[in-house]
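Source file: work_15.cif (mmCIF, C-alpha atoms and all ligand atoms)
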data_run
#
loop_
_atom_site.label_atom_id
_atom_site.label_comp_id
_atom_site.auth_asym_id
_atom_site.auth_seq_id
_atom_site.Cartn_x
_atom_site.Cartn_y
_atom_site.Cartn_z
CA MET A 1 49.09 10.70 113.66
CA THR A 2 47.06 7.51 113.96
CA ALA A 3 46.15 5.36 111.00
CA GLY A 4 42.48 6.04 111.51
CA ILE A 5 39.74 7.83 109.62
CA ASP A 6 39.46 11.59 109.96
CA PRO A 7 36.64 12.24 112.47
CA ALA A 8 35.10 14.72 110.04
CA THR A 9 34.78 11.88 107.50
CA ALA A 10 33.34 9.19 109.77
CA ARG A 11 33.21 8.52 113.47
CA ALA A 12 31.33 6.86 116.30
CA ASP A 13 29.82 9.39 118.69
CA VAL A 14 29.51 7.94 122.18
CA ASP A 15 26.96 9.68 124.41
CA LEU A 16 28.33 9.32 127.93
CA ASP A 17 25.27 11.02 129.42
CA ALA A 18 23.10 8.29 127.88
CA LEU A 19 25.46 5.67 129.33
CA ALA A 20 25.21 7.30 132.75
CA ALA A 21 21.40 7.42 132.54
CA ASN A 22 21.28 3.73 131.57
CA VAL A 23 23.58 2.83 134.47
CA ARG A 24 21.44 4.77 136.92
CA ALA A 25 18.25 3.15 135.62
CA LEU A 26 19.73 -0.34 135.81
CA ALA A 27 21.15 0.27 139.30
CA ALA A 28 17.74 1.40 140.52
CA HIS A 29 16.11 -1.64 138.93
CA ALA A 30 18.64 -4.07 140.43
CA ALA A 31 18.75 -2.57 143.94
CA PRO A 32 19.44 -3.73 146.58
CA ALA A 33 21.87 -5.81 144.50
CA GLN A 34 25.07 -3.99 143.59
CA LEU A 35 25.81 -3.18 139.94
CA MET A 36 28.82 -4.18 137.86
CA VAL A 37 29.22 -2.56 134.45
CA VAL A 38 31.05 -4.81 132.03
CA VAL A 39 33.57 -2.78 130.01
CA LYS A 40 35.50 -5.58 128.32
CA ALA A 41 36.24 -5.49 124.58
CA ASP A 42 36.78 -1.72 124.67
CA ALA A 43 33.42 -1.31 126.39
CA TYR A 44 31.71 -3.26 123.59
CA GLY A 45 33.40 -0.95 121.11
CA HIS A 46 32.44 2.28 122.88
CA GLY A 47 35.88 3.12 124.35
CA MET A 48 36.80 1.46 127.64
CA VAL A 49 38.40 4.17 129.74
CA ALA A 50 35.86 6.91 128.99
CA CYS A 51 32.94 4.53 129.51
CA ALA A 52 34.43 3.15 132.73
CA ARG A 53 34.71 6.69 134.12
CA ALA A 54 31.16 7.53 133.10
CA ALA A 55 29.87 4.29 134.63
CA ARG A 56 31.65 4.94 137.92
CA GLY A 57 30.38 8.52 137.88
CA ALA A 58 26.83 7.21 137.54
CA GLY A 59 27.23 4.91 140.50
CA ALA A 60 28.53 1.59 139.15
CA ASP A 61 29.85 -0.25 142.21
CA TRP A 62 31.96 -2.61 140.12
CA LEU A 63 33.59 -2.82 136.71
CA GLY A 64 34.10 -6.13 134.95
CA VAL A 65 36.59 -7.06 132.24
CA ALA A 66 37.70 -10.25 130.56
CA THR A 67 41.47 -9.89 130.31
CA PRO A 68 44.24 -8.86 132.70
CA THR A 69 45.42 -6.28 130.18
CA GLU A 70 42.01 -4.64 130.22
CA ALA A 71 42.06 -4.54 134.03
CA LEU A 72 45.56 -3.08 134.19
CA THR A 73 44.69 -0.49 131.54
CA LEU A 74 41.87 0.71 133.78
CA ARG A 75 44.20 0.89 136.76
CA GLU A 76 46.77 2.83 134.71
CA ALA A 77 44.00 5.24 133.75
CA GLY A 78 43.41 5.89 137.44
CA ASP A 79 40.47 3.63 138.21
CA GLN A 80 40.71 2.41 141.79
CA GLY A 81 37.31 0.86 142.45
CA PRO A 82 36.23 -2.78 142.69
CA LEU A 83 37.20 -4.53 139.47
CA LEU A 84 36.95 -8.17 138.38
CA ALA A 85 38.93 -9.90 135.59
CA TRP A 86 37.85 -13.35 134.48
CA LEU A 87 39.74 -14.66 131.48
CA TYR A 88 43.45 -15.38 131.20
CA GLY A 89 45.74 -17.94 129.63
CA VAL A 90 47.91 -20.62 131.17
CA GLU A 91 51.07 -18.57 130.75
CA GLU A 92 49.76 -15.33 132.21
CA ASP A 93 51.28 -14.04 135.43
CA LEU A 94 48.50 -13.09 137.82
CA SER A 95 50.71 -11.13 140.23
CA PRO A 96 50.25 -7.76 138.46
CA LEU A 97 46.50 -8.15 139.02
CA VAL A 98 46.93 -8.93 142.70
CA ALA A 99 49.39 -6.03 143.06
CA ALA A 100 46.85 -3.73 141.39
CA ASP A 101 44.04 -4.84 143.71
CA VAL A 102 42.06 -6.47 140.89
CA ASP A 103 39.73 -9.31 141.88
CA VAL A 104 40.45 -12.46 139.91
CA SER A 105 38.10 -15.25 138.88
CA VAL A 106 39.31 -18.83 139.30
CA GLN A 107 37.70 -22.01 138.08
CA SER A 108 40.16 -24.77 138.93
CA VAL A 109 42.55 -26.00 141.60
CA GLU A 110 45.41 -25.11 139.26
CA GLN A 111 44.19 -21.50 139.03
CA VAL A 112 43.85 -21.30 142.82
CA SER A 113 47.52 -22.40 143.08
CA ARG A 114 48.57 -19.75 140.59
CA LEU A 115 46.77 -17.12 142.62
CA VAL A 116 48.40 -18.36 145.83
CA ALA A 117 51.77 -17.99 144.09
CA ALA A 118 50.83 -14.48 142.96
CA ALA A 119 49.87 -13.61 146.53
CA ALA A 120 53.27 -14.80 147.74
CA VAL A 121 55.15 -12.76 145.12
CA THR A 122 53.19 -9.60 145.86
CA GLU A 123 52.94 -10.19 149.62
CA ARG A 124 49.22 -9.42 149.40
CA ARG A 125 46.06 -11.39 149.90
CA ALA A 126 44.49 -12.13 146.52
CA ARG A 127 40.76 -11.45 146.21
CA VAL A 128 39.06 -14.28 144.37
CA HIS A 129 35.69 -15.07 142.81
CA LEU A 130 35.05 -18.79 142.32
CA LYS A 131 33.46 -19.44 138.94
CA LEU A 132 30.95 -22.26 138.72
CA ASP A 133 29.71 -23.76 135.48
CA THR A 134 25.99 -24.12 136.16
CA GLY A 135 25.08 -25.08 132.60
CA LEU A 136 26.68 -22.78 130.05
CA SER A 137 29.50 -25.31 129.54
CA ARG A 138 31.93 -22.49 128.88
CA ASN A 139 34.09 -21.07 131.66
CA GLY A 140 33.76 -22.31 135.25
CA ALA A 141 34.14 -25.47 137.32
CA THR A 142 31.65 -28.21 136.47
CA GLU A 143 29.61 -29.60 139.34
CA PRO A 144 31.66 -32.76 139.92
CA SER A 145 34.74 -30.60 140.51
CA TRP A 146 33.17 -28.11 142.96
CA THR A 147 34.31 -30.16 145.98
CA GLU A 148 38.00 -29.99 145.04
CA LEU A 149 37.78 -26.33 143.96
CA PHE A 150 36.16 -25.36 147.27
CA ALA A 151 38.69 -27.42 149.25
CA ALA A 152 41.58 -25.66 147.51
CA ALA A 153 39.97 -22.29 148.17
CA VAL A 154 39.43 -23.07 151.87
CA GLU A 155 43.07 -24.11 152.22
CA ALA A 156 44.28 -20.97 150.44
CA GLU A 157 42.12 -18.86 152.73
CA GLN A 158 43.40 -20.63 155.82
CA VAL A 159 47.03 -19.83 154.96
CA GLY A 160 46.05 -16.20 154.36
CA ALA A 161 46.90 -16.24 150.64
CA VAL A 162 43.44 -15.49 149.30
CA GLU A 163 40.10 -14.13 150.36
CA VAL A 164 37.10 -15.68 148.67
CA VAL A 165 35.04 -12.59 147.91
CA GLY A 166 32.67 -13.97 145.32
CA LEU A 167 30.91 -17.03 143.98
CA TRP A 168 29.58 -16.65 140.49
CA SER A 169 28.30 -18.14 137.26
CA HIS A 170 26.91 -17.04 133.91
CA LEU A 171 23.54 -17.75 132.28
CA ALA A 172 23.01 -19.36 128.89
CA ALA A 173 19.63 -18.03 127.80
CA ALA A 174 18.26 -15.35 130.11
CA ASP A 175 17.40 -13.34 126.98
CA GLU A 176 14.76 -15.96 126.10
CA PRO A 177 12.09 -15.54 128.79
CA GLY A 178 10.87 -18.90 130.01
CA HIS A 179 13.88 -20.79 128.67
CA PRO A 180 14.24 -23.92 130.86
CA SER A 181 17.99 -23.35 131.32
CA VAL A 182 17.36 -20.32 133.55
CA ALA A 183 15.58 -22.20 136.36
CA LEU A 184 18.05 -25.09 136.07
CA GLN A 185 21.02 -22.74 136.36
CA VAL A 186 19.51 -20.79 139.26
CA ALA A 187 18.97 -24.12 141.08
CA ALA A 188 22.51 -25.32 140.31
CA PHE A 189 23.89 -22.04 141.60
CA GLU A 190 21.94 -22.56 144.84
CA ARG A 191 23.48 -26.01 145.19
CA GLY A 192 26.93 -24.50 144.67
CA SER A 193 26.25 -21.79 147.24
CA SER A 194 25.09 -24.32 149.87
CA GLN A 195 28.07 -26.54 149.18
CA ALA A 196 30.49 -23.62 149.51
CA ARG A 197 28.86 -22.55 152.75
CA ALA A 198 28.97 -26.07 154.13
CA VAL A 199 32.76 -26.15 153.83
CA GLY A 200 33.16 -22.78 155.50
CA LEU A 201 33.36 -20.38 152.55
CA ARG A 202 31.52 -17.08 153.05
CA PRO A 203 31.63 -15.22 149.74
CA ALA A 204 29.99 -11.84 150.30
CA LEU A 205 29.04 -11.53 146.64
CA ARG A 206 27.07 -14.16 144.77
CA HIS A 207 26.47 -13.10 141.18
CA LEU A 208 24.79 -14.68 138.20
CA ALA A 209 22.80 -12.09 136.25
CA ASN A 210 23.77 -10.51 132.92
CA SER A 211 21.73 -7.68 131.36
CA ALA A 212 18.82 -9.89 130.39
CA ALA A 213 18.56 -11.47 133.83
CA THR A 214 18.99 -8.07 135.48
CA LEU A 215 15.97 -6.89 133.50
CA VAL A 216 13.63 -9.86 133.76
CA VAL A 217 14.93 -12.55 136.13
CA PRO A 218 14.86 -10.99 139.61
CA GLN A 219 15.49 -14.35 141.29
CA ALA A 220 18.96 -14.28 139.70
CA HIS A 221 19.96 -10.87 141.08
CA HIS A 222 21.57 -12.15 144.29
CA ASP A 223 24.16 -9.67 145.65
CA LEU A 224 25.49 -8.21 142.40
CA VAL A 225 24.37 -8.02 138.77
CA ARG A 226 26.74 -7.71 135.81
CA VAL A 227 25.37 -5.59 132.99
CA GLY A 228 27.09 -5.06 129.67
CA ILE A 229 24.88 -4.53 126.65
CA ALA A 230 22.05 -2.78 128.52
CA ALA A 231 24.46 -0.16 129.86
CA TYR A 232 25.20 0.71 126.23
CA GLY A 233 21.50 1.23 125.68
CA ILE A 234 20.87 -1.90 123.65
CA ASP A 235 18.12 -4.30 124.63
CA PRO A 236 19.57 -7.81 125.06
CA ALA A 237 16.51 -9.07 123.19
CA PRO A 238 13.50 -7.21 121.78
CA GLY A 239 11.05 -6.15 124.46
CA LEU A 240 13.04 -7.06 127.60
CA ALA A 241 13.72 -3.50 128.73
CA ALA A 242 10.11 -2.49 128.14
CA ARG A 243 8.92 -5.53 130.07
CA ALA A 244 11.11 -4.43 133.01
CA ARG A 245 9.99 -0.81 132.55
CA VAL A 246 13.59 0.27 132.25
CA ALA A 247 14.22 3.04 129.72
CA LEU A 248 17.44 2.46 127.80
CA ARG A 249 18.96 4.96 125.40
CA PRO A 250 21.44 3.79 122.75
CA VAL A 251 24.87 5.22 123.47
CA MET A 252 26.62 4.93 120.11
CA THR A 253 25.82 6.80 116.90
CA LEU A 254 27.81 5.70 113.86
CA ARG A 255 28.00 8.52 111.34
CA ALA A 256 29.81 9.55 108.20
CA THR A 257 29.62 12.26 105.59
CA LEU A 258 28.85 11.55 101.94
CA ALA A 259 32.15 11.28 100.09
CA ALA A 260 30.55 11.45 96.63
CA VAL A 261 27.13 11.87 95.06
CA LYS A 262 26.48 10.80 91.49
CA ALA A 263 23.71 10.20 89.02
CA LEU A 264 23.38 6.71 87.57
CA PRO A 265 21.52 5.74 84.40
CA ALA A 266 18.95 2.94 84.39
CA GLY A 267 20.67 -0.43 84.34
CA ALA A 268 23.91 0.66 86.05
CA GLY A 269 25.41 -2.12 88.18
CA VAL A 270 26.47 -1.12 91.68
CA SER A 271 29.46 -2.33 93.72
CA TYR A 272 31.36 -5.63 93.52
CA GLY A 273 29.52 -8.37 91.70
CA TRP A 274 26.79 -6.05 90.44
CA THR A 275 24.30 -7.59 92.84
CA TRP A 276 22.05 -4.54 92.27
CA HIS A 277 21.25 -2.64 89.09
CA ALA A 278 19.44 0.67 89.04
CA PRO A 279 15.96 -0.10 87.61
CA ALA A 280 15.57 3.55 86.62
CA PRO A 281 17.79 6.65 86.59
CA THR A 282 18.73 7.49 90.18
CA THR A 283 21.30 9.15 92.40
CA VAL A 284 23.67 7.29 94.71
CA GLY A 285 25.92 8.45 97.52
CA LEU A 286 29.24 7.03 98.67
CA VAL A 287 29.58 6.34 102.41
CA PRO A 288 33.23 6.07 103.52
CA LEU A 289 32.80 3.13 105.91
CA GLY A 290 33.06 -0.56 105.10
CA TYR A 291 33.51 -4.00 106.56
CA ALA A 292 37.03 -3.18 107.77
CA ASP A 293 35.28 -0.65 109.99
CA GLY A 294 32.76 -3.21 111.22
CA VAL A 295 29.90 -2.54 108.83
CA PRO A 296 28.69 -6.09 108.19
CA ARG A 297 29.19 -7.21 104.59
CA GLN A 298 26.11 -9.36 105.05
CA ALA A 299 23.98 -6.21 105.28
CA GLY A 300 24.69 -5.30 101.66
CA ASP A 301 21.47 -4.90 99.62
CA ARG A 302 19.49 -5.07 102.89
CA ALA A 303 20.46 -2.28 105.24
CA GLU A 304 19.40 1.36 105.28
CA VAL A 305 21.02 4.53 106.54
CA GLY A 306 19.61 7.90 107.54
CA VAL A 307 20.28 10.86 105.20
CA GLY A 308 18.53 14.21 105.65
CA GLY A 309 15.82 12.69 107.84
CA HIS A 310 15.02 9.93 105.32
CA ARG A 311 16.08 6.32 104.97
CA ALA A 312 18.39 5.53 102.08
CA PRO A 313 18.87 1.85 101.16
CA VAL A 314 22.33 0.31 100.85
CA ARG A 315 22.72 -0.82 97.24
CA GLY A 316 25.12 -3.61 96.30
CA ARG A 317 27.80 -5.15 98.44
CA VAL A 318 29.48 -3.46 101.38
CA CYS A 319 33.18 -3.07 100.47
CA MET A 320 36.18 -2.95 102.77
CA ASP A 321 36.19 0.83 103.18
CA GLN A 322 33.00 2.08 101.58
CA LEU A 323 29.44 1.37 100.65
CA VAL A 324 26.89 2.86 98.27
CA VAL A 325 23.42 4.10 99.20
CA GLU A 326 20.59 5.08 96.89
CA LEU A 327 19.47 8.65 97.43
CA GLY A 328 16.67 8.53 94.84
CA PRO A 329 16.07 10.25 91.50
CA ASP A 330 15.34 13.71 92.90
CA ALA A 331 17.83 13.62 95.75
CA ALA A 332 18.82 16.93 97.28
CA ALA A 333 21.75 15.37 99.13
CA GLU A 334 25.23 16.72 98.52
CA VAL A 335 28.80 15.71 99.17
CA GLY A 336 29.56 16.36 102.85
CA ASP A 337 26.01 15.71 104.05
CA ASP A 338 25.61 13.68 107.23
CA VAL A 339 24.85 9.98 107.02
CA LEU A 340 23.64 8.18 110.13
CA LEU A 341 24.30 4.45 109.92
CA PHE A 342 22.76 3.88 113.33
CA GLY A 343 21.88 5.84 116.43
CA PRO A 344 19.12 6.27 118.98
CA GLY A 345 16.59 6.72 116.15
CA ASP A 346 15.72 10.33 116.98
CA ALA A 347 16.09 11.47 113.36
CA GLY A 348 14.50 8.35 111.94
CA GLU A 349 17.88 6.68 111.47
CA PRO A 350 18.24 2.92 111.92
CA THR A 351 19.20 1.48 115.29
CA VAL A 352 21.74 -1.16 116.25
CA ALA A 353 18.82 -3.61 116.49
CA ASP A 354 17.94 -2.85 112.83
CA TRP A 355 21.51 -3.60 111.75
CA ALA A 356 21.51 -6.79 113.80
CA GLY A 357 18.41 -7.91 111.92
CA TRP A 358 19.85 -7.03 108.49
CA SER A 359 23.05 -8.87 109.36
CA ASP A 360 21.55 -11.99 110.99
CA THR A 361 23.40 -11.27 114.20
CA ILE A 362 22.96 -9.59 117.59
CA GLY A 363 23.42 -5.97 118.59
CA TYR A 364 26.47 -6.94 120.65
CA GLU A 365 28.35 -7.88 117.49
CA ILE A 366 27.34 -4.74 115.62
CA VAL A 367 28.88 -2.39 118.22
CA ALA A 368 31.77 -4.57 119.40
CA ARG A 369 33.09 -4.94 115.84
CA ILE A 370 33.23 -1.26 114.97
CA GLY A 371 36.83 -1.12 113.84
CA ALA A 372 39.83 0.50 115.44
CA ARG A 373 40.24 3.05 112.65
CA VAL A 374 36.82 4.58 113.35
CA PRO A 375 37.45 7.46 115.76
CA ARG A 376 35.31 7.47 118.90
CA ARG A 377 34.17 10.90 120.00
CA HIS A 378 32.99 10.91 123.60
CA LEU A 379 30.29 13.47 124.33
CA GLY A 380 28.92 14.58 127.70
CA GLY A 381 30.06 12.78 130.80
CA ALA A 382 30.48 15.90 132.92
CA GLU A 383 29.84 13.94 136.12
CA SER A 384 32.67 11.51 135.33
CA ARG A 385 35.36 14.15 134.91
C1 LIG B 401 30.91 -13.31 132.45
C2 LIG B 401 30.07 -12.23 131.90
N1 LIG B 401 29.23 -11.56 132.71
C3 LIG B 401 28.44 -10.57 132.25
C4 LIG B 401 28.47 -10.21 130.92
C5 LIG B 401 27.54 -9.13 130.43
O1 LIG B 401 26.60 -9.67 129.57
P1 LIG B 401 25.51 -8.72 128.87
O2 LIG B 401 26.27 -7.85 127.93
O3 LIG B 401 24.58 -9.65 128.21
O4 LIG B 401 24.91 -7.93 129.97
C6 LIG B 401 29.33 -10.88 130.05
C7 LIG B 401 29.35 -10.53 128.63
O5 LIG B 401 29.34 -11.33 127.76
C8 LIG B 401 30.16 -11.91 130.55
O6 LIG B 401 31.01 -12.56 129.76
#
structure tokens encoding of this file:
Amino acid sequence: MTAGIDPATARADVDLDALAANVRALAAHAAPAQLMVVVKADAYGHGMVACARAARGAGADWLGVATPTEALTLREAGDQGPLLAWLYGVEEDLSPLVAADVDVSVQSVEQVSRLVAAAAVTERRARVHLKLDTGLSRNGATEPSWTELFAAAVEAEQVGAVEVVGLWSHLAAADEPGHPSVALQVAAFERGSSQARAVGLRPALRHLANSAATLVVPQAHHDLVRVGIAAYGIDPAPGLAARARVALRPVMTLRATLAAVKALPAGAGVSYGWTWHAPAPTTVGLVPLGYADGVPRQAGDRAEVGVGGHRAPVRGRVCMDQLVVELGPDAAAEVGDDVLLFGPGDAGEPTVADWAGWSDTIGYEIVARIGARVPRRHLGGAESR
């Protein structure tokens, strides 16, 4: 028995057929570049192992994760395909990754040495992707340190400890078409590529593009694109998928059933702090999901949900485990009726993009923060079984 919510009370339905269709559409759009589907952070909240299988089944050449634990979880689940892990701490032993045939990103001479040590322990050649910081100022070697990073990589290749498979970087603002950073980063990546080549490195895979760049920055596609959010059917920014003529279908539907329905008199205050009072007699419904489940507290008094094909506004503050929606004075809704917090929009329900707007955030955060106690029900995915 897990400490989660009963799936009949609330759950996130994850449409693996939609995921597969998105992956196929993105692969076709990116071709001839290869496609990596990013499944870190539990596949942006959608369930990592099931989504990884569906992505592979739909033709994803690569999977990408942040942490070693994520990579090893995929291997334990039977995944054997190309897989890259890019974020680890100073204390983490990299040898399990090398032993499990996981490609590892390195950004410093120190990390190259650690990978050389891991290769020695495992008696295998480590596969490495050199990460350049071309302007995001986050992970990656900054330009002044490329010379020493490349020199360390060449030396490690010469002694047979590593194979430099990839050269890569990450974009800061590809979701803002025309943003000056994109051209600057593409140019910096070219400089890095030339410099690597000049010292004898021959990475077969140069990769720079996230979902946004995959959709609208073809000059950043190079050999491989890394898509996360678009694979889950969420546009990285409004209009990008349409601009690229790529049809994306949202993968996650967050649903619950009404736990209570009650009539309120005019003037009744609703939820903590009484931020909303019923202006007239009305009916409200109790939705058994709250901010502990990832429903943003900030969306209180702003968001809407779908009930019986109509929109019902969230009234008052979102609580830890529950929220209140107004069903209206003549509501026909009953306890047990379906509530759609977000989904593809087929029944007029809000989308992830709507919730992002109500919460002053991005769709990524809406799905990635759906809490651990919300059961995920994976639907479809026949081709991944
Ligand atoms: C290094 C890296 N590449 C690719 C991605 C995928 O980005 P997106 O979800 O915007 O496609 C991420 C996600 O943040 C990332 O960290």
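With distances taken over all atoms listed in the file, A:Asn139 is the one residue among A:Gln80, A:Asn22, A:Ser108, A:Asn139 lying closest to ligand LIG 401 (chain B).
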Task: Nearby polymer residues, ligand LIG 401 (chain B), at most 10 Å, all atoms listed in the file, as a ChimeraX atom specification - done: /A:36-41,43-44,64-66,84-87,105,131,138-140,168-175,207-215,225-232,234-237,363-364
Open item on the list: I'd like the contact shell of Asp346 of chain A - 12 Å cut-off, all atoms listed in the file, skipping same-chain residues fewer than 3 positions apart - returned as a VMD selection string.
Closed with: chain A and resid 249 to 250 253 306 309 to 310 340 342 to 343 349 to 351
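Taking only C-alpha atoms into account, Leu16 of chain A lies nearest to A:Met48 out of the set A:Val307, A:Val216, A:Ala356, A:Met48.
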- [ ] In the coordinates of the file, take the point (19.4, -25.6, 129.5) and a cut-off of 10 Å; then, counting all atoms listed in the file, name each qualifying protein, DNA or RNA residue as a PyMOL selection string.
- [x] chain A and resi 134-136+171-173+179-185
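One distance worth recording is that between atom CA of Phe189 of chain A and atom CA of Phe150 of chain A, which is 13.9 Å.
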Open item on the list: Please list, as a ChimeraX atom specification, the residues that have an atom at most 6 Å away from (27.3, 10.6, 117.1) in the coordinates of this file, counting all atoms listed in the file.
Closed with: /A:12-13,253-254
- [ ] Name the closest residue to Ala247 of chain A among the candidates A:Asp17, A:Val159, A:Gly233, A:Asp223; distances are taken between atoms, counting all atoms listed in the file.
- [x] A:Gly233
Open item on the list: When you look at Val325 of chain A with a cut-off of 6 Å (counting only C-alpha atoms), what residues show up, excluding the ones that are within fewer than 6 positions of it in the same chain? I need them as a ChimeraX atom specification.
Closed with: /A:284-285,312-315
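One finds atom CA of Leu115 of chain A at 10.5 Å from atom CA of Asp103 of chain A.
Checking A:Met252, A:Val352, A:Gly47, A:Arg311 one by one against Val14 of chain A, counting only C-alpha atoms, you find the shortest gap at A:Met252.
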- [ ] Please measure the separation of atom CA of Leu289 of chain A and atom CA of Ala266 of chain A, giving the value in Å to one decimal.
- [x] 25.6 Å
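Those residues that approach Ala268 of chain A to within 12 Å, counting all atoms listed in the file, are Lys262, Trp274, Thr275, Trp276, His277, Ala278, Pro279, Ala280, Pro281, Thr282, Thr283, Val284, Arg315 and Gly316 of chain A; same-chain residues fewer than 6 positions away are not listed.
Checking A:Arg206, A:His222, A:Arg124, A:Arg373 one by one against Ala31 of chain A, counting only C-alpha atoms, you find the shortest gap at A:His222.
For the set A:Pro238, A:Gly89, A:Gly308, A:Gly59, the residue with the smallest atom-to-atom gap to Ala333 of chain A is A:Gly308, counting all atoms listed in the file.
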Open item on the list: If we count only C-alpha atoms and set the cut-off at 12 Å, which residues sit around Val295 of chain A, ignoring sequence neighbours fewer than 3 positions away in its own chain? Please answer as number ranges by chain.
Closed with: A: 254-255, 287-292, 298-300, 303-305, 314, 317-323, 341-342, 352, 355-356, 358-359, 365-371, 374
